[in-house]
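Only one structure is covered here, and it is reproduced in the block below.
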Amino acid sequence: MRLLCCLLVFLPMLNASPAAQLQPSPVAAVVQRQLDAYNAQDIEAFVACYAADVIIVREEDGSTQVGREGMRERYAAMFKRYPANRATSLQRIIVGDFAVDEERIDGRNGGPFRTIAVYKVKDGLITHVRFMGREPIR
């Protein structure tokens with residue numbers, strides 16, 4: 001009888017499809033999609049993950065960039081200059097419309113480094129990014 005009760009309670013949970021259980025949140029999905037496009041250096045797929053009026057803030061130098069078109073120019077030049085450039089998400093936290101990544105960047109002058117990227121997502125697109133810190137990895 002106990003076994004029957006346990007089965008009746010837990011069986012519906014087991015019935016959920018594995019794909020449904022593994023679906024990332026929409027926030028995590030667009031952040032991962034832009035990371036994959038960044039690593040492939042696919043500029044069109046990369047900028048397609050961002051809103052037309054995206055704001056990118058770099059705490060390190062205090063710069064702010066507004067707009068997908070300027071972003072396209074900046075990142076296309078960077079991809080050309082650093083063809084081995086890659087980013088790896090070491091940790092990702094999702095809270096509501098925000099994703100916080102601890103990222104490792106490889107393939108640029110000066111060796112690998114870690115940074116924090118905070119992404120805000122609205123309507124399936126990244127609307128704001130803030131990069132904070134740059135710590136060399138030895």
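Chains: A, B, ... in order of the structure tokens. Residues: from 1 per chain. Ligands: from 1, in order shown.
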
Residues near Asn109 of chain A, cut-off 12 Å, only C-alpha atoms, skip fewer than 5 positions along chain, as a list in words:
Met78, Arg81, Tyr82, Pro83, Ala84, Asn85 and Pro136 of chain A

Would you return as a VMD selection string the members of segment 24-111 of chain A that DSSP assigns to strand (DSSP E or B) on this structure's backbone?
chain A and resid 50 to 58 63 to 66 86 to 95 98 to 106

For the selection you just gave me, I'd like the residues written to a file as an mmCIF file, in the first residue's frame, keeping N, CA and C atoms.
data_model
loop_
_atom_site.group_PDB
_atom_site.id
_atom_site.type_symbol
_atom_site.label_atom_id
_atom_site.label_comp_id
_atom_site.auth_asym_id
_atom_site.auth_seq_id
_atom_site.Cartn_x
_atom_site.Cartn_y
_atom_site.Cartn_z
ATOM 1 N N TYR A 50 20.898 40.901 -29.625
ATOM 2 C CA TYR A 50 20.841 42.169 -28.905
ATOM 3 C C TYR A 50 19.749 43.074 -29.455
ATOM 4 N N ALA A 51 19.166 43.875 -28.576
ATOM 5 C CA ALA A 51 18.173 44.870 -28.977
ATOM 6 C C ALA A 51 18.853 45.960 -29.799
ATOM 7 N N ALA A 52 18.099 46.611 -30.667
ATOM 8 C CA ALA A 52 18.659 47.669 -31.523
ATOM 9 C C ALA A 52 19.275 48.795 -30.705
ATOM 10 N N ASP A 53 18.714 49.066 -29.526
ATOM 11 C CA ASP A 53 19.209 50.158 -28.682
ATOM 12 C C ASP A 53 19.982 49.652 -27.460
ATOM 13 N N VAL A 54 20.639 48.513 -27.601
ATOM 14 C CA VAL A 54 21.405 47.911 -26.506
ATOM 15 C C VAL A 54 22.406 48.922 -25.936
ATOM 16 N N ILE A 55 22.613 48.809 -24.631
ATOM 17 C CA ILE A 55 23.611 49.636 -23.939
ATOM 18 C C ILE A 55 24.673 48.695 -23.384
ATOM 19 N N ILE A 56 25.927 48.977 -23.698
ATOM 20 C CA ILE A 56 27.045 48.172 -23.204
ATOM 21 C C ILE A 56 27.959 49.083 -22.393
ATOM 22 N N VAL A 57 28.175 48.722 -21.137
ATOM 23 C CA VAL A 57 29.006 49.516 -20.235
ATOM 24 C C VAL A 57 30.208 48.673 -19.834
ATOM 25 N N ARG A 58 31.382 49.272 -19.949
ATOM 26 C CA ARG A 58 32.622 48.620 -19.516
ATOM 27 C C ARG A 58 33.148 49.396 -18.317
ATOM 28 N N SER A 63 33.732 53.233 -20.394
ATOM 29 C CA SER A 63 33.094 53.484 -21.691
ATOM 30 C C SER A 63 31.677 52.928 -21.732
ATOM 31 N N THR A 64 30.857 53.597 -22.522
ATOM 32 C CA THR A 64 29.488 53.165 -22.766
ATOM 33 C C THR A 64 29.261 53.203 -24.263
ATOM 34 N N GLN A 65 28.637 52.158 -24.768
ATOM 35 C CA GLN A 65 28.313 52.081 -26.188
ATOM 36 C C GLN A 65 26.815 51.852 -26.294
ATOM 37 N N VAL A 66 26.173 52.570 -27.203
ATOM 38 C CA VAL A 66 24.731 52.431 -27.397
ATOM 39 C C VAL A 66 24.472 52.024 -28.845
ATOM 40 N N ARG A 86 38.106 33.680 -27.624
ATOM 41 C CA ARG A 86 36.996 32.834 -27.165
ATOM 42 C C ARG A 86 36.620 33.217 -25.734
ATOM 43 N N ALA A 87 35.350 33.031 -25.402
ATOM 44 C CA ALA A 87 34.863 33.257 -24.043
ATOM 45 C C ALA A 87 34.217 31.979 -23.539
ATOM 46 N N THR A 88 34.438 31.700 -22.269
ATOM 47 C CA THR A 88 33.837 30.539 -21.622
ATOM 48 C C THR A 88 33.099 31.026 -20.390
ATOM 49 N N SER A 89 31.851 30.620 -20.240
ATOM 50 C CA SER A 89 31.111 30.936 -19.020
ATOM 51 C C SER A 89 31.533 29.933 -17.949
ATOM 52 N N LEU A 90 32.198 30.428 -16.920
ATOM 53 C CA LEU A 90 32.630 29.565 -15.824
ATOM 54 C C LEU A 90 31.488 29.310 -14.851
ATOM 55 N N GLN A 91 30.639 30.312 -14.688
ATOM 56 C CA GLN A 91 29.454 30.199 -13.832
ATOM 57 C C GLN A 91 28.384 31.120 -14.406
ATOM 58 N N ARG A 92 27.141 30.698 -14.299
ATOM 59 C CA ARG A 92 26.035 31.547 -14.748
ATOM 60 C C ARG A 92 24.932 31.492 -13.699
ATOM 61 N N ILE A 93 24.443 32.664 -13.339
ATOM 62 C CA ILE A 93 23.324 32.789 -12.399
ATOM 63 C C ILE A 93 22.208 33.526 -13.133
ATOM 64 N N ILE A 94 21.012 32.983 -13.064
ATOM 65 C CA ILE A 94 19.840 33.626 -13.669
ATOM 66 C C ILE A 94 18.910 34.060 -12.546
ATOM 67 N N VAL A 95 18.543 35.340 -12.551
ATOM 68 C CA VAL A 95 17.561 35.868 -11.604
ATOM 69 C C VAL A 95 16.622 36.772 -12.388
ATOM 70 N N PHE A 98 17.699 38.830 -15.546
ATOM 71 C CA PHE A 98 19.142 39.046 -15.517
ATOM 72 C C PHE A 98 19.915 37.736 -15.548
ATOM 73 N N ALA A 99 21.052 37.787 -16.227
ATOM 74 C CA ALA A 99 22.022 36.695 -16.185
ATOM 75 C C ALA A 99 23.343 37.308 -15.770
ATOM 76 N N VAL A 100 24.033 36.634 -14.861
ATOM 77 C CA VAL A 100 25.356 37.068 -14.436
ATOM 78 C C VAL A 100 26.318 35.940 -14.769
ATOM 79 N N ASP A 101 27.294 36.243 -15.612
ATOM 80 C CA ASP A 101 28.296 35.261 -16.018
ATOM 81 C C ASP A 101 29.658 35.647 -15.457
ATOM 82 N N GLU A 102 30.346 34.667 -14.912
ATOM 83 C CA GLU A 102 31.781 34.797 -14.702
ATOM 84 C C GLU A 102 32.382 34.193 -15.955
ATOM 85 N N GLU A 103 33.130 34.995 -16.705
ATOM 86 C CA GLU A 103 33.637 34.545 -17.996
ATOM 87 C C GLU A 103 35.161 34.519 -18.017
ATOM 88 N N ARG A 104 35.672 33.544 -18.736
ATOM 89 C CA ARG A 104 37.106 33.459 -19.020
ATOM 90 C C ARG A 104 37.276 33.814 -20.489
ATOM 91 N N ILE A 105 38.172 34.760 -20.754
ATOM 92 C CA ILE A 105 38.439 35.201 -22.110
ATOM 93 C C ILE A 105 39.846 34.735 -22.490
ATOM 94 N N ASP A 106 39.946 34.043 -23.611
ATOM 95 C CA ASP A 106 41.229 33.559 -24.133
ATOM 96 C C ASP A 106 41.435 34.106 -25.540
#

Would you mind listing what lies within 10 Å of Arg138 of chain A as a PyMOL selection string, with only C-alpha atoms counted and same-chain residues fewer than 3 positions away left out?
chain A and resi 111-113+135

Quick one: write out the picked residues with N, CA and C atoms as a JSON list (two decimals), in the first residue's frame?
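The file below, again32.json, is the result:
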[["chain", "number", "residue", "atom", "x", "y", "z"],
["A", 111, "GLY", "N", 47.27, 37.46, -22.56],
["A", 111, "GLY", "CA", 46.89, 36.20, -21.93],
["A", 111, "GLY", "C", 45.46, 36.18, -21.46],
["A", 112, "PRO", "N", 45.03, 35.03, -20.94],
["A", 112, "PRO", "CA", 43.64, 34.88, -20.52],
["A", 112, "PRO", "C", 43.32, 35.75, -19.31],
["A", 113, "PHE", "N", 42.05, 36.10, -19.21],
["A", 113, "PHE", "CA", 41.59, 36.87, -18.05],
["A", 113, "PHE", "C", 40.15, 36.50, -17.73],
["A", 135, "GLU", "N", 40.58, 40.32, -14.49],
["A", 135, "GLU", "CA", 41.59, 39.70, -13.65],
["A", 135, "GLU", "C", 42.40, 38.71, -14.48]]

Could you check which of A:Ile137, A:Val118, A:Leu35, A:Ala76 is closest to Asp97 of chain A, using only C-alpha atoms?
A:Val118

For Gly70 of chain A, which residue out of A:Val47, A:Ala117, A:Ala29, A:Met132 is the nearest one, using only C-alpha atoms?
A:Val47

For atom CA of Gly133 of chain A and atom CA of Thr115 of chain A, the interatomic separation in Å (one decimal):
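If I compute the distance from atom CA of Gly133 of chain A to atom CA of Thr115 of chain A, I get 5.2 Å.
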
Please provide the set of residues having any atom within 9 Å of segment 36-38 of chain A, restricted to only C-alpha atoms, with same-chain residues fewer than 3 positions apart removed, written as a list in words.
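Once the nearby chain positions are removed, what remains is Val31, Gln32, Arg33, Gln41, Asp42, Ile43, Glu44, Ala45, Phe46, Val47, Tyr75, Phe79, Asn85, Arg86 and Ala87 of chain A.
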
Between atom CA of Arg72 of chain A and atom CA of Ser25 of chain A, what distance in Å does the model show, to one decimal?
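That distance, rounded to one decimal, is 25.8 Å.
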
Would you work out the distance separating atom CA of Gly96 of chain A from atom CA of Asn39 of chain A, expressed in Å to one decimal?
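Answer for the atom CA of Gly96 of chain A to atom CA of Asn39 of chain A separation: 25.5 Å.
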
Report as a PyMOL selection string: the residues of chain A with a DSSP assignment of helix (DSSP H, G or I), based on the backbone of this structure.
chain A and resi 2-14+18-22+26-40+43-47+68-81
